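protein20.csv, holding CSV, C-alpha atoms:
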```
chain,number,residue,atom,x,y,z
A,1,MET,CA,37.5,7.8,45.9
A,2,HIS,CA,40.2,7.9,43.3
A,3,SER,CA,39.9,4.3,42.1
A,4,TYR,CA,41.4,3.2,38.7
A,5,VAL,CA,37.9,2.9,37.2
A,6,LEU,CA,37.1,6.5,38.0
A,7,ARG,CA,40.4,7.7,36.7
A,8,ALA,CA,40.0,5.8,33.5
A,9,ASN,CA,36.5,7.1,33.1
A,10,ALA,CA,37.6,10.7,33.6
A,11,LEU,CA,40.4,10.2,31.1
A,12,LEU,CA,38.1,8.7,28.5
A,13,THR,CA,35.5,11.4,28.9
A,14,PHE,CA,38.1,14.1,28.5
A,15,ALA,CA,39.6,12.4,25.4
A,16,VAL,CA,36.2,12.0,23.7
A,17,THR,CA,35.2,15.6,24.6
A,18,ILE,CA,38.5,17.0,23.1
A,19,LEU,CA,38.0,14.8,20.0
A,20,ALA,CA,34.4,16.1,19.5
A,21,LEU,CA,35.6,19.7,19.9
A,22,MET,CA,38.4,19.2,17.3
A,23,CYS,CA,35.9,17.7,14.9
A,24,ALA,CA,33.6,20.7,15.4
A,25,MET,CA,36.4,23.1,14.9
A,26,ALA,CA,37.6,21.3,11.7
A,27,THR,CA,34.1,21.6,10.2
A,28,LEU,CA,33.7,25.2,11.3
A,29,SER,CA,37.0,26.1,9.7
A,30,ASP,CA,35.6,25.2,6.3
A,31,ASN,CA,33.5,28.3,6.4
A,32,PHE,CA,36.6,30.5,6.1
A,33,ASN,CA,37.4,29.1,2.7
A,34,SER,CA,35.8,31.1,-0.1
A,35,PRO,CA,36.4,29.0,-3.3
A,36,SER,CA,36.5,30.4,-6.8
A,37,PRO,CA,36.1,27.4,-9.1
A,38,ALA,CA,35.9,27.7,-12.9
A,39,SER,CA,34.7,25.4,-15.6
A,40,GLN,CA,34.1,25.2,-19.3
A,41,VAL,CA,32.0,22.6,-21.2
A,42,GLN,CA,31.6,22.0,-24.9
A,43,VAL,CA,29.3,19.7,-26.7
A,44,LEU,CA,31.6,18.3,-29.4
A,45,ASN,CA,29.0,16.1,-31.2
A,46,ILE,CA,25.5,14.9,-30.7
A,47,TYR,CA,26.0,11.6,-32.6
A,48,ARG,CA,22.7,9.9,-31.9
A,49,PHE,CA,19.3,11.4,-31.4
A,50,GLN,CA,16.4,9.0,-31.8
A,51,LYS,CA,12.9,8.2,-30.5
A,52,LYS,CA,12.9,4.8,-28.7
A,53,ARG,CA,10.2,2.2,-29.1
A,54,ASP,CA,8.4,3.4,-26.0
A,55,GLY,CA,8.2,6.9,-27.3
A,56,ASN,CA,10.9,8.5,-25.2
A,57,GLU,CA,13.7,10.3,-26.9
A,58,GLU,CA,17.3,9.2,-26.4
A,59,VAL,CA,20.4,11.3,-26.9
A,60,SER,CA,24.1,10.3,-27.1
A,61,LEU,CA,26.7,13.0,-27.2
A,62,THR,CA,30.4,13.7,-26.8
A,63,LEU,CA,31.5,16.2,-24.3
A,64,ASN,CA,34.6,18.2,-23.6
A,65,ILE,CA,34.8,19.1,-19.9
A,66,SER,CA,37.5,21.2,-18.3
A,67,ALA,CA,37.5,22.6,-14.8
A,68,ASN,CA,39.6,23.9,-12.0
A,69,LEU,CA,38.2,23.0,-8.6
A,70,GLN,CA,41.5,23.3,-6.6
A,71,SER,CA,40.2,26.1,-4.5
A,72,LEU,CA,37.5,23.8,-3.0
A,73,PHE,CA,40.1,21.8,-1.1
A,74,THR,CA,40.8,22.6,2.5
A,75,TRP,CA,42.6,20.5,5.2
A,76,ASN,CA,39.2,19.0,6.1
A,77,THR,CA,38.3,17.8,2.6
A,78,LYS,CA,38.3,14.1,1.9
A,79,GLN,CA,37.2,14.3,-1.6
A,80,VAL,CA,35.1,16.2,-4.1
A,81,PHE,CA,32.4,14.5,-6.1
A,82,VAL,CA,31.8,16.3,-9.4
A,83,PHE,CA,29.2,15.7,-12.0
A,84,LEU,CA,27.8,17.3,-15.1
A,85,ALA,CA,24.0,17.4,-15.5
A,86,ALA,CA,21.8,18.4,-18.4
A,87,GLU,CA,18.9,20.5,-17.2
A,88,TYR,CA,15.9,21.5,-19.1
A,89,GLU,CA,12.2,22.2,-18.8
A,90,THR,CA,9.4,20.5,-20.7
A,91,PRO,CA,5.6,21.0,-20.8
A,92,LYS,CA,5.2,17.9,-18.6
A,93,ASN,CA,8.1,18.5,-16.2
A,94,ALA,CA,9.2,21.7,-14.5
A,95,LEU,CA,12.7,20.4,-14.2
A,96,ASN,CA,14.6,17.5,-15.7
A,97,GLN,CA,18.1,16.8,-14.4
A,98,ILE,CA,20.1,14.1,-16.0
A,99,SER,CA,23.6,13.3,-14.9
A,100,LEU,CA,25.8,12.8,-18.0
A,101,TRP,CA,29.2,12.3,-16.4
A,102,ASP,CA,30.6,12.2,-12.9
A,103,GLY,CA,33.9,11.7,-11.1
A,104,ILE,CA,35.5,11.6,-7.7
A,105,ILE,CA,38.4,13.9,-7.1
A,106,PRO,CA,40.6,12.5,-4.3
A,107,SER,CA,43.2,15.3,-4.0
A,108,LYS,CA,43.9,18.9,-4.8
A,109,GLU,CA,46.4,17.9,-7.5
A,110,ASP,CA,43.7,16.1,-9.5
A,111,ALA,CA,41.3,19.0,-9.2
A,112,LYS,CA,42.4,20.7,-12.4
A,113,PHE,CA,41.4,18.4,-15.1
A,114,TRP,CA,40.4,18.1,-18.7
A,115,ILE,CA,38.3,15.2,-20.1
A,116,GLN,CA,36.7,14.2,-23.4
A,117,THR,CA,33.9,11.7,-22.8
A,118,THR,CA,30.7,10.4,-24.1
A,119,ASN,CA,27.7,10.4,-21.7
A,120,LYS,CA,28.3,7.9,-19.0
A,121,TYR,CA,24.6,7.4,-18.1
A,122,ASN,CA,22.0,7.2,-20.8
A,123,PHE,CA,20.2,10.4,-21.6
A,124,VAL,CA,16.5,9.6,-22.0
A,125,ASP,CA,13.7,12.2,-21.8
A,126,GLN,CA,10.3,11.4,-20.3
A,127,GLY,CA,8.5,11.8,-23.6
A,128,SER,CA,9.6,13.4,-26.8
A,129,ASN,CA,10.2,17.1,-26.3
A,130,LEU,CA,13.8,17.5,-27.2
A,131,GLN,CA,13.8,18.6,-30.8
A,132,ASN,CA,15.2,22.1,-31.2
A,133,LYS,CA,15.1,22.5,-27.4
A,134,ASP,CA,17.5,24.7,-25.4
A,135,PHE,CA,19.2,23.1,-22.4
A,136,ASN,CA,21.7,23.9,-19.7
A,137,LEU,CA,24.8,22.0,-18.7
A,138,THR,CA,25.5,22.4,-15.1
A,139,LEU,CA,28.7,21.3,-13.3
A,140,HIS,CA,27.8,20.4,-9.7
A,141,TRP,CA,30.2,19.6,-7.0
A,142,HIS,CA,29.7,18.1,-3.5
A,143,VAL,CA,32.5,18.5,-1.1
A,144,MET,CA,32.8,15.6,1.3
A,145,PRO,CA,34.6,16.5,4.5
A,146,LYS,CA,36.9,14.4,6.6
A,147,THR,CA,34.3,15.2,9.3
A,148,GLY,CA,31.3,17.4,9.6
A,149,LYS,CA,29.1,19.4,7.2
A,150,MET,CA,29.0,18.6,3.5
A,151,PHE,CA,29.0,21.5,1.0
A,152,ALA,CA,27.6,21.7,-2.5
A,153,ASP,CA,27.5,24.3,-5.3
A,154,LYS,CA,27.4,24.5,-9.1
A,155,ILE,CA,28.2,26.4,-12.2
A,156,SER,CA,25.5,26.6,-14.8
A,157,MET,CA,26.3,27.0,-18.5
A,158,THR,CA,23.6,28.0,-21.0
A,159,GLY,CA,23.2,28.2,-24.7
A,160,PHE,CA,23.1,24.5,-25.7
A,161,ARG,CA,20.5,23.2,-28.1
A,162,PHE,CA,19.3,19.8,-29.4
A,163,PRO,CA,19.2,19.3,-33.1
A,164,GLU,CA,16.0,19.8,-35.2
A,165,THR,CA,16.1,16.3,-36.7
A,166,TYR,CA,16.8,12.8,-35.5
A,167,ARG,CA,20.1,11.3,-36.5
B,1,MET,CA,33.9,-17.3,46.8
B,2,GLY,CA,35.7,-14.4,48.4
B,3,TRP,CA,35.2,-11.7,45.7
B,4,ILE,CA,31.7,-12.7,44.9
B,5,GLY,CA,30.9,-12.8,48.6
B,6,GLU,CA,32.3,-9.3,49.1
B,7,GLN,CA,30.2,-8.0,46.2
B,8,ILE,CA,27.0,-9.6,47.6
B,9,ASP,CA,27.8,-8.1,51.0
B,10,SER,CA,28.4,-4.7,49.5
B,11,ILE,CA,25.0,-5.0,47.7
B,12,LYS,CA,23.3,-6.1,51.0
B,13,SER,CA,24.9,-3.3,52.9
B,14,LEU,CA,23.5,-0.6,50.6
B,15,GLN,CA,21.1,1.8,52.1
B,16,PHE,CA,17.6,2.1,50.7
B,17,ARG,CA,18.2,5.8,50.0
B,18,GLN,CA,21.4,5.0,48.1
B,19,VAL,CA,19.7,2.4,46.0
B,20,LEU,CA,17.0,4.9,45.1
B,21,THR,CA,19.5,7.5,44.1
B,22,GLN,CA,21.3,5.1,41.8
B,23,ALA,CA,18.0,4.0,40.2
B,24,ILE,CA,17.1,7.6,39.6
B,25,SER,CA,20.5,8.4,38.1
B,26,LEU,CA,20.3,5.4,35.8
B,27,GLY,CA,16.8,6.5,34.8
B,28,MET,CA,18.1,10.0,34.1
B,29,ILE,CA,20.8,8.6,31.7
B,30,VAL,CA,18.2,6.5,29.8
B,31,THR,CA,15.6,9.2,29.6
B,32,SER,CA,18.1,11.9,28.5
B,33,ALA,CA,19.3,9.7,25.7
B,34,LEU,CA,15.7,9.3,24.7
B,35,ILE,CA,15.1,13.0,24.9
B,36,ILE,CA,18.1,13.8,22.7
B,37,TRP,CA,17.0,11.2,20.1
B,38,LYS,CA,13.4,12.4,20.0
B,39,GLY,CA,14.6,16.0,20.0
B,40,LEU,CA,16.8,15.3,16.9
B,41,MET,CA,13.8,13.7,15.2
B,42,CYS,CA,11.8,17.0,15.7
B,43,VAL,CA,14.6,19.2,14.6
B,44,THR,CA,15.6,17.3,11.5
B,45,GLY,CA,12.1,16.1,10.5
B,46,SER,CA,13.5,12.7,9.7
B,47,GLU,CA,12.3,9.6,11.4
B,48,SER,CA,15.8,8.4,11.9
B,49,PRO,CA,18.1,11.4,12.1
B,50,VAL,CA,21.3,9.4,12.3
B,51,VAL,CA,22.1,6.4,10.2
B,52,VAL,CA,25.1,4.1,10.1
B,53,VAL,CA,26.6,3.2,6.7
B,54,LEU,CA,26.5,-0.6,6.3
B,55,SER,CA,27.8,-1.2,2.8
B,56,GLY,CA,30.8,0.0,0.7
B,57,SER,CA,28.6,1.2,-2.2
B,58,MET,CA,29.5,4.9,-1.5
B,59,GLU,CA,33.2,4.4,-1.1
B,60,PRO,CA,35.6,6.2,-0.9
B,61,GLY,CA,33.2,8.9,0.4
B,62,PHE,CA,31.4,6.9,3.0
B,63,LYS,CA,32.9,3.7,4.4
B,64,ARG,CA,31.2,1.0,6.4
B,65,GLY,CA,30.9,2.2,10.0
B,66,ASP,CA,30.6,5.9,9.2
B,67,ILE,CA,27.7,7.9,10.6
B,68,LEU,CA,25.5,10.2,8.5
B,69,PHE,CA,23.3,13.0,9.9
B,70,LEU,CA,20.0,13.3,8.0
B,71,HIS,CA,17.8,16.2,7.4
B,72,MET,CA,14.3,16.0,5.9
B,73,SER,CA,13.0,19.4,4.7
B,74,LYS,CA,10.4,20.5,2.3
B,75,ASP,CA,13.1,21.6,-0.2
B,76,PRO,CA,12.8,19.8,-3.5
B,77,ILE,CA,15.2,16.9,-4.1
B,78,ARG,CA,17.9,17.7,-6.7
B,79,ALA,CA,20.5,15.6,-8.6
B,80,GLY,CA,23.8,15.1,-6.7
B,81,GLU,CA,22.2,15.0,-3.2
B,82,ILE,CA,22.8,11.9,-1.1
B,83,VAL,CA,19.5,10.5,0.0
B,84,VAL,CA,18.5,7.7,2.3
B,85,PHE,CA,15.6,5.7,0.9
B,86,ASN,CA,13.4,2.7,1.6
B,87,VAL,CA,12.4,0.3,-1.1
B,88,ASP,CA,9.2,-1.7,-0.8
B,89,GLY,CA,10.0,-5.2,0.3
B,90,ARG,CA,13.4,-4.3,1.8
B,91,GLU,CA,13.9,-3.6,5.4
B,92,ILE,CA,17.3,-1.9,5.4
B,93,PRO,CA,17.4,1.7,4.0
B,94,ILE,CA,19.9,2.5,1.4
B,95,VAL,CA,22.2,5.6,1.2
B,96,HIS,CA,22.9,6.6,-2.4
B,97,ARG,CA,23.3,9.6,-4.7
B,98,VAL,CA,20.6,11.0,-6.9
B,99,ILE,CA,21.6,11.1,-10.6
B,100,LYS,CA,18.4,11.8,-12.4
B,101,VAL,CA,15.4,14.0,-11.4
B,102,HIS,CA,12.1,14.6,-13.3
B,103,GLU,CA,9.8,17.0,-11.5
B,104,ARG,CA,6.2,17.4,-12.7
B,105,GLN,CA,5.0,20.8,-13.8
B,106,ASP,CA,1.5,20.5,-12.3
B,107,THR,CA,1.7,18.4,-9.2
B,108,GLY,CA,5.4,18.8,-8.2
B,109,GLU,CA,5.8,15.1,-7.9
B,110,VAL,CA,9.3,13.8,-8.6
B,111,ASP,CA,10.8,10.8,-10.3
B,112,ILE,CA,14.2,10.1,-8.9
B,113,LEU,CA,16.9,7.7,-10.0
B,114,THR,CA,19.8,6.9,-7.6
B,115,LYS,CA,23.2,5.3,-7.8
B,116,GLY,CA,26.0,4.4,-5.4
B,117,ASP,CA,29.2,6.2,-6.2
B,118,ASN,CA,31.2,2.9,-6.0
B,119,ASN,CA,28.6,0.9,-8.0
B,120,PHE,CA,28.9,0.4,-11.7
B,121,GLY,CA,25.3,0.8,-12.7
B,122,ASP,CA,22.3,2.7,-11.4
B,123,ASP,CA,19.9,1.3,-8.7
B,124,ARG,CA,17.1,0.0,-10.8
B,125,LEU,CA,18.2,-3.5,-9.9
B,126,LEU,CA,17.8,-2.7,-6.2
B,127,TYR,CA,14.3,-1.3,-6.6
B,128,ALA,CA,11.2,-3.4,-6.4
B,129,GLN,CA,10.3,-5.5,-9.3
B,130,GLY,CA,9.3,-3.3,-12.3
B,131,GLN,CA,10.0,-0.1,-10.4
B,132,LEU,CA,11.8,2.5,-12.5
B,133,TRP,CA,11.8,5.6,-10.3
B,134,LEU,CA,11.8,6.5,-6.6
B,135,GLN,CA,9.1,8.9,-5.5
B,136,ARG,CA,9.1,11.4,-2.7
B,137,HIS,CA,7.6,9.0,-0.1
B,138,HIS,CA,10.4,6.6,-0.5
B,139,ILE,CA,12.9,9.2,0.7
B,140,MET,CA,13.7,9.2,4.4
B,141,GLY,CA,16.1,12.1,4.4
B,142,ARG,CA,19.1,13.6,2.8
B,143,ALA,CA,22.6,13.4,4.3
B,144,VAL,CA,23.9,16.7,5.5
B,145,GLY,CA,26.8,15.8,7.8
B,146,PHE,CA,29.3,13.1,8.3
B,147,LEU,CA,31.3,11.5,11.2
B,148,PRO,CA,33.8,8.7,10.5
B,149,TYR,CA,34.1,5.4,12.4
B,150,VAL,CA,31.7,6.1,15.2
B,151,GLY,CA,29.1,3.7,13.7
B,152,TRP,CA,31.3,0.7,14.3
B,153,VAL,CA,30.0,0.5,17.8
B,154,THR,CA,26.5,-0.3,16.6
B,155,ILE,CA,27.7,-2.6,13.8
B,156,ILE,CA,29.7,-4.7,16.3
B,157,MET,CA,26.8,-4.7,18.7
B,158,THR,CA,24.2,-5.8,16.2
B,159,GLU,CA,26.5,-8.5,14.7
B,160,LYS,CA,27.8,-9.8,17.9
B,161,PRO,CA,25.0,-9.5,20.4
B,162,ILE,CA,26.9,-11.2,23.1
B,163,ILE,CA,29.2,-8.2,23.4
B,164,LYS,CA,26.2,-6.0,23.8
B,165,TYR,CA,25.0,-8.1,26.8
B,166,ILE,CA,28.4,-8.1,28.4
B,167,LEU,CA,28.7,-4.4,28.0
B,168,ILE,CA,25.2,-3.7,29.4
B,169,GLY,CA,25.8,-6.2,32.2
B,170,ALA,CA,29.2,-4.6,33.1
B,171,LEU,CA,27.7,-1.1,33.0
B,172,GLY,CA,24.8,-2.1,35.2
B,173,LEU,CA,27.1,-3.8,37.7
B,174,LEU,CA,29.2,-0.6,37.8
B,175,VAL,CA,26.3,1.6,38.5
B,176,ILE,CA,25.0,-0.7,41.2
B,177,THR,CA,28.3,-1.2,43.0
B,178,SER,CA,29.8,2.3,42.6
B,179,LYS,CA,29.4,4.3,45.8
B,180,GLU,CA,30.0,7.8,44.5
```

Encoded form (structure tokens):
Amino acid sequence: MHSYVLRANALLTFAVTILALMCAMATLSDNFNSPSPASQVQVLNIYRFQKKRDGNEEVSLTLNISANLQSLFTWNTKQVFVFLAAEYETPKNALNQISLWDGIIPSKEDAKFWIQTTNKYNFVDQGSNLQNKDFNLTLHWHVMPKTGKMFADKISMTGFRFPETYR
Amino acid sequence: MGWIGEQIDSIKSLQFRQVLTQAISLGMIVTSALIIWKGLMCVTGSESPVVVVLSGSMEPGFKRGDILFLHMSKDPIRAGEIVVFNVDGREIPIVHRVIKVHERQDTGEVDILTKGDNNFGDDRLLYAQGQLWLQRHHIMGRAVGFLPYVGWVTIIMTEKPIIKYILIGALGLLVITSKE
């Protein structure tokens, strides 16, 4: 009745149950964190703005990104993936989102940063609608937990505009 | 001969009713696993609600052997989301992050470009020949939850099938010979 196999089975079942419960509690505890992240972005220079041979416009720019995402980190946070996307509307597309820069923040100490960078991925429109167009820069972050549910949020910054002429 | 003989005797000595009970309990285990899987499919709307990460292209976020829970809703796909997609001519689905989205004004169709966090360039090289964008129908789901290491069980079992047969055999034997 109390053979070794049965005891080992009971022990394993108990251990797995406790582990699953701890994982569930860890991910539930994330809900008690109410973060207050802050960010500022400047477009230092749009140093290239051309129509490519296929008719699509391409932009190259220099960005100044500063952010404080330290409040996103909890004890169940493995890393935070952060990226800056240009967002705008054109007659053809209701929404265009183009990631310009991204980074992985592995720890709370690195979550307060300042970076000056050119766009990491090429910024190409579908068509040529960008002249004198307003656009938003939005800082998105995706919190990857050690276990459980993933979280995401963003800060949108408005008031940016493409130049009137190609350069 | 002794141990095997005893086992054979113990199988022979089983009552018909006992055998039936064990067959039913085995059936219950299999069907409940199936019910949970199909139930998850209904709830999440994704044809495979749980996937195992097979490559290191999303490290350090997702490592090989981690498990992702997928959800497929009507919500539009946005940049930054981690999606699982199928490319024509490729059997194994890929888990990568969306970096560009162009959503049509009139039809609501989307053009999506993805990239692995740990890869240098975007995924155009992984797509089918000449394919520049993913469309909605390529997407199997978006990752909403994460559980580390558990997927190693399936990776080991698919790569070393002999372990799978040993495990199934041992479990089957245990069910047949246990008298509780």

Give me, as JSON lines, the closest atom pair and its distance (Å, one decimal) for every residue of chain A within a cut-off of 6 Å of chain B, counting all atoms listed in the file, rows sorted by chain and rising number.
```
{"residue": "A:Lys92", "atom": "CA", "partner": "B:Gln105", "partner_atom": "CA", "distance": 5.6}
{"residue": "A:Asn93", "atom": "CA", "partner": "B:Arg104", "partner_atom": "CA", "distance": 4.1}
{"residue": "A:Ala94", "atom": "CA", "partner": "B:Gln105", "partner_atom": "CA", "distance": 4.4}
{"residue": "A:Leu95", "atom": "CA", "partner": "B:Glu103", "partner_atom": "CA", "distance": 5.2}
{"residue": "A:Asn96", "atom": "CA", "partner": "B:His102", "partner_atom": "CA", "distance": 4.5}
{"residue": "A:Gln97", "atom": "CA", "partner": "B:Val101", "partner_atom": "CA", "distance": 4.9}
{"residue": "A:Ile98", "atom": "CA", "partner": "B:Lys100", "partner_atom": "CA", "distance": 4.6}
{"residue": "A:Ser99", "atom": "CA", "partner": "B:Ile99", "partner_atom": "CA", "distance": 5.2}
{"residue": "A:Thr147", "atom": "CA", "partner": "B:Leu147", "partner_atom": "CA", "distance": 5.1}
{"residue": "A:Gly148", "atom": "CA", "partner": "B:Phe146", "partner_atom": "CA", "distance": 4.9}
{"residue": "A:Lys149", "atom": "CA", "partner": "B:Gly145", "partner_atom": "CA", "distance": 4.3}
{"residue": "A:Met150", "atom": "CA", "partner": "B:Gly145", "partner_atom": "CA", "distance": 5.6}
```

Review point. Taking (37.7, 23.2, 12.1) in the file's coordinates as the center, which residues reach within 12 Å of it, counting all atoms listed in the file, put as a count of residues only?
Key: 24

Review point. Which residue out of B:Met28, B:Gly2, B:Thr21, B:Arg142 has the minimum interatomic distance to Thr44 (chain B) when only C-alpha atoms are used?
Key: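 Looking at the shortest contact to Thr44 (chain B), the residue is B:Arg142.
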
Practice item. Extract, using all atoms listed in the file, all DNA, RNA and protein residues at most 7 Å from Gly45 (chain B), discarding same-chain residues fewer than 6 positions from it, and format them as an MDAnalysis selection string. Key: chainID B and resid 71:73

Emit the selected residues as a compact mmCIF listing (two decimals), in the frame of the given file, including C-alpha atoms.
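What landed in selection-v7.txt:
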```txt
# COMPACT_ATOMS: atom_id res chain seq x y z
CA HIS B 71 17.80 16.20 7.40
CA MET B 72 14.30 16.00 5.90
CA SER B 73 13.00 19.40 4.70
```

Point to revise | Atomic distance CA of Leu137 (chain A) - CA of Pro163 (chain A), expressed in Å with one decimal | key: 15.7 Å

Could you add whatever atoms are missing so that region 28-36 of chain B carries all heavy atoms, then write the result as a CSV table (one decimal), in the frame of the given file?
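Final file, selection_26.csv:
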```
chain,number,residue,atom,x,y,z
B,28,MET,N,17.8,8.7,34.7
B,28,MET,CA,18.1,10.0,34.1
B,28,MET,C,18.9,9.8,32.8
B,28,MET,O,18.7,10.4,31.8
B,28,MET,CB,18.9,10.9,35.1
B,28,MET,CG,18.1,11.4,36.2
B,28,MET,SD,16.9,12.7,35.6
B,28,MET,CE,18.0,14.1,35.8
B,29,ILE,N,19.9,8.8,32.9
B,29,ILE,CA,20.8,8.6,31.7
B,29,ILE,C,19.9,8.1,30.6
B,29,ILE,O,20.0,8.6,29.5
B,29,ILE,CB,21.9,7.5,32.1
B,29,ILE,CG1,22.8,8.1,33.1
B,29,ILE,CG2,22.6,7.1,30.8
B,29,ILE,CD1,23.8,7.1,33.7
B,30,VAL,N,19.1,7.1,30.9
B,30,VAL,CA,18.2,6.5,29.8
B,30,VAL,C,17.3,7.5,29.2
B,30,VAL,O,17.2,7.7,28.0
B,30,VAL,CB,17.4,5.3,30.4
B,30,VAL,CG1,16.4,4.8,29.3
B,30,VAL,CG2,18.4,4.2,30.8
B,31,THR,N,16.6,8.3,30.1
B,31,THR,CA,15.6,9.2,29.6
B,31,THR,C,16.3,10.4,28.8
B,31,THR,O,15.8,10.9,27.8
B,31,THR,CB,14.7,9.8,30.7
B,31,THR,OG1,15.6,10.2,31.8
B,31,THR,CG2,13.7,8.9,31.1
B,32,SER,N,17.5,10.8,29.3
B,32,SER,CA,18.1,11.9,28.5
B,32,SER,C,18.6,11.5,27.1
B,32,SER,O,18.5,12.2,26.2
B,32,SER,CB,19.3,12.5,29.3
B,32,SER,OG,20.3,11.5,29.5
B,33,ALA,N,19.0,10.2,27.0
B,33,ALA,CA,19.3,9.7,25.7
B,33,ALA,C,18.1,9.7,24.8
B,33,ALA,O,18.1,10.1,23.7
B,33,ALA,CB,19.9,8.3,25.8
B,34,LEU,N,17.0,9.3,25.4
B,34,LEU,CA,15.7,9.3,24.7
B,34,LEU,C,15.3,10.7,24.2
B,34,LEU,O,14.8,10.9,23.1
B,34,LEU,CB,14.6,8.6,25.5
B,34,LEU,CG,13.4,8.1,24.8
B,34,LEU,CD1,13.8,6.9,23.9
B,34,LEU,CD2,12.3,7.7,25.7
B,35,ILE,N,15.5,11.6,25.2
B,35,ILE,CA,15.1,13.0,24.9
B,35,ILE,C,15.9,13.5,23.7
B,35,ILE,O,15.4,14.2,22.8
B,35,ILE,CB,15.3,13.9,26.1
B,35,ILE,CG1,14.2,13.6,27.2
B,35,ILE,CG2,15.2,15.4,25.7
B,35,ILE,CD1,14.4,14.2,28.5
B,36,ILE,N,17.2,13.3,23.7
B,36,ILE,CA,18.1,13.8,22.7
B,36,ILE,C,17.7,13.2,21.3
B,36,ILE,O,17.5,13.8,20.3
B,36,ILE,CB,19.6,13.4,23.0
B,36,ILE,CG1,20.1,14.2,24.2
B,36,ILE,CG2,20.5,13.6,21.8
B,36,ILE,CD1,21.4,13.8,24.7
```
